[in-house]
Amino acid sequence: MTATQYSLAELMICAASKAFDNDGEVLATGIGVIPRLAASVSMSTNNLDLMMTDSEAYLLSEPNPIGPRGDDFVQRNETWMGFSRIFDNVWSGKRHAMIGPTQIDQYGQSNISALGSDYDKPKIQMLGARGLPGNSISHANSFFVPNHNKRVFVANECDMVCSIGYNPERLPKGYQLDDVDIRLVISDICVMDWQGPNHQLRLVSVHPGVSVEEVVEKTGFAIHVDDNTPTTTSPTTEQLALINKFDPHNLRSKQLKDNPPGIRVAVSASEEK
Amino acid sequence: MNKLKTATEMVAELRDGMTIGIGGWGPRRKPMALIREILRSDLKDLTIVSYGGADVGMLCAAGKVKKLVFAFVSLDFIPLEPFFRKAREQGNLEVMEIDEGMLLLGLRAAAWGCPFIPTQVGLGTDIIKQNPDLKVIDSPYDDKEWVAMPALKLDAALVHVDHADERGVCQISGPDHYMDDWFVRAANKSYITCDELVDSDHFNNPEAARQVFWERSLTSAVCAIAGGAHPTSCPPFYGIDNKHLLQYNKYAKEGGFSAYSDEFINNKTEQDYQDLIGGIDTIRQIPQTKY
């Protein structure tokens, strides 16, 4: 049954869960509360074959709820999956990661390492490239963007390109653009994929109350827009119950500024003036 | 063979300009007592290889690092390591930034005596652009190009484990031994601190023996320092001291590392340090993080 009341975070979790639905038996790695809950929902509904870890060192047969779980909680371990073994999985290709990069460019290249034009003296040093180079050339990847704007969707290439994308200039010898597998982008205003002409970023759906123009305006490069853009599907009551089960401490309510509702109140004509 | 040494003796064996690998991961099971010992020494110009946390931040802040080989530096719940960040933003840190898996391959190549291991990882990214020494090569077996990840040969590896015996049989009973075995195998010498020194009979238990990830011949020296990983975690004994890391993070904004160092490290023994934290009993009550 379609829910009538839900938060934007919950809408994003359900929209993001779709990314994993047709993956088959792969490791789903959702970094951050919303991506992790998205993988948890998919693993409990449309893709029972999905695999997840406890974010530490074990592979689970059922996703762990996030946060403190009580002393009587029994984690459903199925095998050890420490960090060194994660790379055996990564390089086998049987994985789909969803992360929230600081920058994404028109080629689907992303950055979590450093900001600024001088690599030797960055304006802002962030995490470092982490596992993005390996993830991006080895398996499927999706992006989560909590605040859709031109600082994230940058006009030029990322300051530090951490992940390979659909950039013909950077294509390694012996590779096709189709060897790169970037799936969905779930932001706070829309869902997109990279299936426009020549892997251009394409608008898939806009969240309730969001216009196509708003998406175009807030993206730092041209995106492909089809004739009719549907509205992002609302969560079902079943999905909301699962989200509640996997996030009993309601950490999802702290992921987006002011925890806005899923159905945005339309700005009236008078207010627009 | 008895390999017991003090932390001071271990650090006295290190030399300026050495390449040193540090075990653990971010804020988890780092050999922090040895890091503090290095901070008290006059060692300099080190090349540090690490899945970095406060170990990297402190060494950078104290001016010990000439070059850093890294994929990330993070305190987990404080995502950006404040002193590493400062060092980078001031532009005075030479770096080799690579992917987490490339770092693993570099250690394996060193362990196996190979000059490099071919990998697809890094192709198409700025990892190659920013590391001009990193070679991309043709394959004799296919038409693709490959990154030749060079061996990361270490002069020394520093690792903290939970249990060890005096011969250097080391147990990591926590959920993950990270890449510690590869750091040890890639190193010329391995200096291990442990939370508890045990009799060799401890390893009669096959479960304990299964948690030994390298042979004792690779352990150069052992030192028992209960709480030696603080403020990072060492399961099963204690978790990450997030309260202390918040305090450490605050020094980056106010006072700087020298103030932190004056309060906790300079002219202080490890015992003094632990007393400031509240003693070993307090450290061992820090709960494990639930992810």
# chains A, B, ... in the order shown; residues from 1 in each chain; ligands from 1
>>> select_by_dssp(residues="region 109-249 of chain A", states="helix (DSSP H, G or I)", output="number ranges by chain")
A: 132-138, 168-170, 177-179, 197-199, 212-218, 237-246
>>> interface_residues(of="chain B", to="chain A", cutoff="9 Å", atoms="only C-alpha atoms", output="number ranges by chain")
B: 70-74, 79-81, 84-95, 97-102, 104, 120-127, 130, 138, 142-146, 175-179, 289-291
>>> select_by_dssp(residues="region 135-249 of chain A", states="strand (DSSP E)", output="list in words")
Ala140, Asn141, Ser142, Phe143, Phe144, Val145, Ile182, Arg183, Leu184, Val185, Ile186, Ser187, Cys190, Val191, Met192, Asp193, Arg202, Leu203, Val204, Ser205 and Val206 of chain A
>>> closest_residue(among="A:Gly32, A:Pro230, A:Gly209, A:Pro63", to="Phe144 (chain A)", atoms="only C-alpha atoms")
A:Gly32
>>> residues_around(residues="Val56 (chain B)", least_positions_apart="6", cutoff="12 Å", atoms="only C-alpha atoms", output="VMD selection string")
chain B and resid 20 to 27 30 to 32 35 to 36 38 to 39 46 to 50 62 to 75 80 to 88 93
>>> write_last_selection(atoms="N, CA and C atoms", output="short mmCIF file (atom, residue, chain, number, x, y, z; two decimals), in the first residue's frame")
data_model
loop_
_atom_site.label_atom_id
_atom_site.label_comp_id
_atom_site.auth_asym_id
_atom_site.auth_seq_id
_atom_site.Cartn_x
_atom_site.Cartn_y
_atom_site.Cartn_z
N ILE B 20 58.46 3.34 7.29
CA ILE B 20 57.83 2.62 8.40
C ILE B 20 56.35 2.39 8.13
N GLY B 21 55.94 1.14 8.19
CA GLY B 21 54.53 0.77 8.03
C GLY B 21 53.86 0.67 9.38
N ILE B 22 52.64 1.17 9.47
CA ILE B 22 51.91 1.15 10.75
C ILE B 22 50.63 0.35 10.56
N GLY B 23 50.45 -0.69 11.37
CA GLY B 23 49.27 -1.55 11.29
C GLY B 23 48.01 -0.85 11.79
N GLY B 24 46.91 -1.61 11.83
CA GLY B 24 45.63 -1.06 12.26
C GLY B 24 44.90 -0.38 11.11
N TRP B 25 43.80 0.31 11.43
CA TRP B 25 42.95 0.89 10.39
C TRP B 25 42.22 2.10 10.98
N GLY B 26 42.51 3.30 10.48
CA GLY B 26 41.84 4.50 11.01
C GLY B 26 42.04 4.61 12.52
N PRO B 27 40.95 4.61 13.29
CA PRO B 27 41.08 4.71 14.75
C PRO B 27 41.08 3.33 15.43
N LYS B 30 45.77 0.69 16.61
CA LYS B 30 47.02 1.32 16.18
C LYS B 30 48.06 1.17 17.30
N PRO B 31 49.32 1.01 16.95
CA PRO B 31 50.38 0.89 17.98
C PRO B 31 50.73 2.25 18.56
N MET B 32 49.78 2.85 19.28
CA MET B 32 49.91 4.25 19.68
C MET B 32 51.01 4.48 20.71
N ILE B 35 53.95 5.03 18.74
CA ILE B 35 53.88 6.34 18.09
C ILE B 35 54.30 7.42 19.09
N ARG B 36 53.76 7.31 20.31
CA ARG B 36 54.13 8.30 21.34
C ARG B 36 55.63 8.25 21.63
N ILE B 38 57.93 7.43 19.47
CA ILE B 38 58.59 8.10 18.34
C ILE B 38 58.48 9.62 18.51
N LEU B 39 57.32 10.08 18.98
CA LEU B 39 57.13 11.53 19.17
C LEU B 39 58.10 12.08 20.21
N LEU B 46 60.77 10.56 8.16
CA LEU B 46 60.23 9.22 7.96
C LEU B 46 59.29 9.18 6.76
N THR B 47 59.30 8.04 6.06
CA THR B 47 58.23 7.76 5.10
C THR B 47 57.27 6.83 5.80
N ILE B 48 56.01 7.26 5.91
CA ILE B 48 55.02 6.49 6.66
C ILE B 48 54.03 5.85 5.69
N VAL B 49 53.78 4.56 5.88
CA VAL B 49 52.79 3.82 5.09
C VAL B 49 51.70 3.37 6.06
N SER B 50 50.45 3.81 5.83
CA SER B 50 49.44 3.54 6.85
C SER B 50 48.02 3.67 6.29
N ALA B 62 53.89 16.61 14.34
CA ALA B 62 55.17 16.73 15.04
C ALA B 62 56.33 16.88 14.07
N GLY B 63 56.03 16.95 12.78
CA GLY B 63 57.09 17.17 11.79
C GLY B 63 58.00 15.97 11.57
N LYS B 64 57.47 14.77 11.85
CA LYS B 64 58.29 13.56 11.70
C LYS B 64 58.24 12.97 10.29
N VAL B 65 57.25 13.44 9.51
CA VAL B 65 56.96 12.76 8.24
C VAL B 65 57.53 13.54 7.06
N LYS B 66 58.34 12.84 6.26
CA LYS B 66 58.82 13.44 5.03
C LYS B 66 57.84 13.11 3.91
N LYS B 67 57.38 11.87 3.92
CA LYS B 67 56.47 11.42 2.86
C LYS B 67 55.44 10.47 3.45
N LEU B 68 54.20 10.60 2.96
CA LEU B 68 53.13 9.74 3.44
C LEU B 68 52.56 8.92 2.28
N VAL B 69 52.51 7.60 2.45
CA VAL B 69 51.85 6.73 1.49
C VAL B 69 50.51 6.33 2.10
N PHE B 70 49.40 6.74 1.45
CA PHE B 70 48.09 6.58 2.11
C PHE B 70 46.96 6.43 1.09
N ALA B 71 45.84 5.90 1.56
CA ALA B 71 44.60 5.88 0.78
C ALA B 71 43.55 6.75 1.47
N PHE B 72 43.67 6.86 2.79
CA PHE B 72 42.79 7.74 3.57
C PHE B 72 43.46 8.01 4.90
N VAL B 73 43.04 9.08 5.54
CA VAL B 73 43.38 9.31 6.95
C VAL B 73 42.08 9.78 7.60
N SER B 74 41.61 9.05 8.61
CA SER B 74 40.30 9.34 9.18
C SER B 74 40.20 8.83 10.61
N LEU B 75 39.38 9.51 11.41
CA LEU B 75 39.10 9.06 12.77
C LEU B 75 37.69 8.45 12.84
N LEU B 80 37.35 13.67 9.13
CA LEU B 80 38.61 14.24 8.65
C LEU B 80 39.61 14.37 9.80
N GLU B 81 40.78 13.75 9.63
CA GLU B 81 41.83 13.81 10.65
C GLU B 81 42.39 15.25 10.66
N PRO B 82 42.27 15.96 11.80
CA PRO B 82 42.53 17.40 11.78
C PRO B 82 43.99 17.78 11.50
N PHE B 83 44.93 17.00 12.04
CA PHE B 83 46.34 17.41 11.88
C PHE B 83 46.91 16.98 10.53
N PHE B 84 46.44 15.87 10.02
CA PHE B 84 46.79 15.47 8.65
C PHE B 84 46.28 16.52 7.68
N ARG B 85 45.05 16.95 7.91
CA ARG B 85 44.42 17.96 7.07
C ARG B 85 45.25 19.24 7.07
N LYS B 86 45.67 19.67 8.25
CA LYS B 86 46.50 20.87 8.37
C LYS B 86 47.79 20.74 7.57
N ALA B 87 48.43 19.60 7.73
CA ALA B 87 49.72 19.38 7.06
C ALA B 87 49.55 19.45 5.54
N ARG B 88 48.47 18.86 5.05
CA ARG B 88 48.22 18.89 3.60
C ARG B 88 47.88 20.30 3.13
N LEU B 93 53.63 18.50 2.86
CA LEU B 93 53.69 17.05 3.03
C LEU B 93 53.79 16.39 1.65
#
>>> residues_around(residues="Cys114 (chain B)", least_positions_apart="5", cutoff="9 Å", atoms="only C-alpha atoms", output="PyMOL selection string")
chain B and resi 108-109+150-151
>>> residues_around(residues="Leu34 (chain B)", least_positions_apart="2", cutoff="9 Å", atoms="only C-alpha atoms", output="PyMOL selection string")
chain B and resi 7-8+10-11+31-32+36-39+158-160+191+193+228-229
>>> atom_distance(atom1="CA of Leu246 (chain B)", atom2="CA of Gly57 (chain B)")
13.6 Å
>>> closest_residue(among="A:Ser40, A:Gln255, A:Thr29, A:Thr102", to="Leu240 (chain A)", atoms="only C-alpha atoms")
A:Ser40
>>> residues_around(residues="Ile137 (chain B)", least_positions_apart="2", cutoff="10 Å", atoms="only C-alpha atoms", output="count of residues only")
10
>>> atom_distance(atom1="CA of Lys150 (chain A)", atom2="CA of Lys257 (chain A)")
17.6 Å
>>> decode(residues="region 4-158 of chain A", atoms="C-alpha atoms", output="CSV table (one decimal), in the first residue's frame")
chain,number,residue,atom,x,y,z
A,4,THR,CA,0.7,9.1,2.2
A,5,GLN,CA,3.1,10.5,4.9
A,6,TYR,CA,6.8,10.0,4.7
A,7,SER,CA,10.0,12.0,5.1
A,8,LEU,CA,12.3,13.0,2.2
A,9,ALA,CA,14.9,10.7,3.8
A,10,GLU,CA,12.5,7.8,3.6
A,11,LEU,CA,11.6,8.6,0.0
A,12,MET,CA,15.3,8.7,-0.9
A,13,ILE,CA,15.9,5.3,0.9
A,14,CYS,CA,13.1,3.7,-1.1
A,15,ALA,CA,14.3,5.3,-4.4
A,16,ALA,CA,17.9,4.2,-3.7
A,17,SER,CA,16.8,0.7,-2.8
A,18,LYS,CA,15.8,0.2,-6.4
A,19,ALA,CA,19.4,0.4,-7.4
A,20,PHE,CA,20.0,-3.0,-5.8
A,21,ASP,CA,16.8,-4.8,-6.9
A,22,ASN,CA,18.2,-6.4,-10.1
A,23,ASP,CA,21.7,-7.0,-8.8
A,24,GLY,CA,21.4,-10.7,-8.1
A,25,GLU,CA,23.8,-12.2,-5.6
A,26,VAL,CA,26.3,-9.4,-5.0
A,27,LEU,CA,27.7,-7.6,-2.0
A,28,ALA,CA,25.7,-4.4,-1.5
A,29,THR,CA,27.8,-1.7,0.3
A,30,GLY,CA,25.8,1.4,1.3
A,31,ILE,CA,28.1,3.9,3.0
A,32,GLY,CA,26.1,6.2,5.3
A,33,VAL,CA,22.7,5.8,6.9
A,34,ILE,CA,20.5,6.4,3.8
A,35,PRO,CA,22.5,4.1,1.4
A,36,ARG,CA,22.8,1.4,4.1
A,37,LEU,CA,19.0,1.4,4.7
A,38,ALA,CA,18.4,1.4,1.0
A,39,ALA,CA,20.4,-1.8,0.7
A,40,SER,CA,18.7,-3.2,3.7
A,41,VAL,CA,15.3,-2.6,2.2
A,42,SER,CA,16.2,-4.2,-1.1
A,43,MET,CA,17.7,-7.2,0.6
A,44,SER,CA,14.5,-7.7,2.6
A,45,THR,CA,12.0,-7.2,-0.3
A,46,ASN,CA,12.9,-7.4,-4.0
A,47,ASN,CA,16.4,-8.9,-3.9
A,48,LEU,CA,16.6,-11.6,-1.2
A,49,ASP,CA,19.9,-12.8,-2.7
A,50,LEU,CA,21.8,-9.6,-1.9
A,51,MET,CA,24.7,-9.8,0.6
A,52,MET,CA,25.6,-7.2,3.2
A,53,THR,CA,28.3,-6.9,5.9
A,54,ASP,CA,28.0,-5.7,9.5
A,55,SER,CA,30.2,-2.7,8.4
A,56,GLU,CA,33.0,-4.3,10.3
A,57,ALA,CA,34.1,-7.9,9.6
A,58,TYR,CA,31.2,-10.3,9.0
A,59,LEU,CA,28.9,-11.0,6.1
A,60,LEU,CA,25.3,-11.2,7.2
A,61,SER,CA,22.3,-13.2,6.1
A,62,GLU,CA,20.0,-10.4,7.3
A,63,PRO,CA,20.9,-6.7,7.6
A,64,ASN,CA,21.8,-5.4,11.1
A,65,PRO,CA,19.6,-2.6,12.5
A,66,ILE,CA,21.8,0.6,12.7
A,67,GLY,CA,23.1,1.7,16.1
A,68,PRO,CA,22.9,0.1,19.6
A,69,ARG,CA,21.1,-3.3,19.3
A,70,GLY,CA,20.7,-4.6,22.9
A,71,ASP,CA,22.5,-7.5,24.5
A,72,ASP,CA,20.1,-10.1,23.3
A,73,PHE,CA,20.5,-9.2,19.6
A,74,VAL,CA,21.9,-12.1,17.6
A,75,GLN,CA,23.8,-11.0,14.5
A,76,ARG,CA,23.0,-13.3,11.5
A,77,ASN,CA,26.7,-14.0,10.5
A,78,GLU,CA,27.4,-16.2,7.5
A,79,THR,CA,31.1,-15.7,6.9
A,80,TRP,CA,34.1,-13.7,8.0
A,81,MET,CA,34.6,-10.7,5.7
A,82,GLY,CA,37.5,-8.6,7.0
A,83,PHE,CA,39.0,-5.7,5.0
A,84,SER,CA,41.6,-7.7,3.2
A,85,ARG,CA,38.9,-10.1,1.9
A,86,ILE,CA,36.7,-7.2,0.8
A,87,PHE,CA,39.2,-6.5,-1.9
A,88,ASP,CA,39.0,-10.1,-3.2
A,89,ASN,CA,35.2,-9.4,-3.5
A,90,VAL,CA,35.7,-6.0,-5.1
A,91,TRP,CA,38.1,-7.3,-7.8
A,92,SER,CA,35.7,-10.2,-8.6
A,93,GLY,CA,33.1,-7.6,-9.6
A,94,LYS,CA,30.4,-9.1,-7.4
A,95,ARG,CA,29.7,-5.9,-5.6
A,96,HIS,CA,27.5,-2.7,-5.8
A,97,ALA,CA,28.6,0.3,-3.7
A,98,MET,CA,26.6,3.4,-3.0
A,99,ILE,CA,28.5,6.3,-1.7
A,100,GLY,CA,28.0,10.1,-1.3
A,101,PRO,CA,30.9,11.9,-3.1
A,102,THR,CA,31.7,15.5,-2.4
A,103,GLN,CA,32.0,16.2,-6.2
A,104,ILE,CA,30.5,14.5,-9.2
A,105,ASP,CA,31.3,15.7,-12.8
A,106,GLN,CA,29.5,15.3,-16.2
A,107,TYR,CA,31.5,12.0,-16.8
A,108,GLY,CA,30.4,10.4,-13.6
A,109,GLN,CA,33.8,10.8,-12.1
A,110,SER,CA,33.8,11.6,-8.4
A,111,ASN,CA,35.9,13.1,-5.6
A,112,ILE,CA,36.2,12.5,-1.9
A,113,SER,CA,39.9,13.3,-1.7
A,114,ALA,CA,40.7,17.0,-1.8
A,115,LEU,CA,39.3,20.3,-3.0
A,116,GLY,CA,41.1,23.1,-4.8
A,117,SER,CA,43.2,23.5,-7.9
A,118,ASP,CA,46.5,22.8,-6.3
A,119,TYR,CA,46.8,19.1,-5.4
A,120,ASP,CA,50.1,19.7,-3.4
A,121,LYS,CA,48.3,22.3,-1.3
A,122,PRO,CA,44.6,21.6,-1.3
A,123,LYS,CA,42.1,24.2,-0.2
A,124,ILE,CA,40.3,21.5,1.8
A,125,GLN,CA,41.9,18.1,2.4
A,126,MET,CA,39.2,15.4,2.8
A,127,LEU,CA,39.5,11.7,3.3
A,128,GLY,CA,41.7,10.6,0.5
A,129,ALA,CA,40.7,8.5,-2.5
A,130,ARG,CA,39.9,5.5,-0.2
A,131,GLY,CA,38.7,2.5,-2.4
A,132,LEU,CA,37.1,4.6,-5.2
A,133,PRO,CA,39.7,3.9,-7.9
A,134,GLY,CA,39.3,0.2,-7.4
A,135,ASN,CA,35.5,0.2,-6.9
A,136,SER,CA,34.9,2.3,-10.0
A,137,ILE,CA,36.8,0.0,-12.4
A,138,SER,CA,35.7,-3.3,-10.8
A,139,HIS,CA,32.0,-3.2,-10.1
A,140,ALA,CA,28.7,-1.3,-10.1
A,141,ASN,CA,28.5,2.0,-8.3
A,142,SER,CA,25.7,4.4,-7.4
A,143,PHE,CA,25.8,7.9,-5.9
A,144,PHE,CA,23.8,9.4,-3.1
A,145,VAL,CA,23.7,13.2,-2.9
A,146,PRO,CA,22.0,14.7,0.2
A,147,ASN,CA,22.1,18.3,-1.1
A,148,HIS,CA,21.8,18.7,-4.9
A,149,ASN,CA,23.7,21.8,-6.0
A,150,LYS,CA,26.4,23.0,-8.3
A,151,ARG,CA,29.2,22.5,-5.8
A,152,VAL,CA,28.5,18.8,-5.9
A,153,PHE,CA,27.6,18.5,-9.6
A,154,VAL,CA,30.5,20.5,-10.8
A,155,ALA,CA,30.8,22.3,-14.1
A,156,ASN,CA,34.4,21.1,-14.8
A,157,GLU,CA,36.1,17.9,-14.0
A,158,CYS,CA,36.4,17.0,-10.3
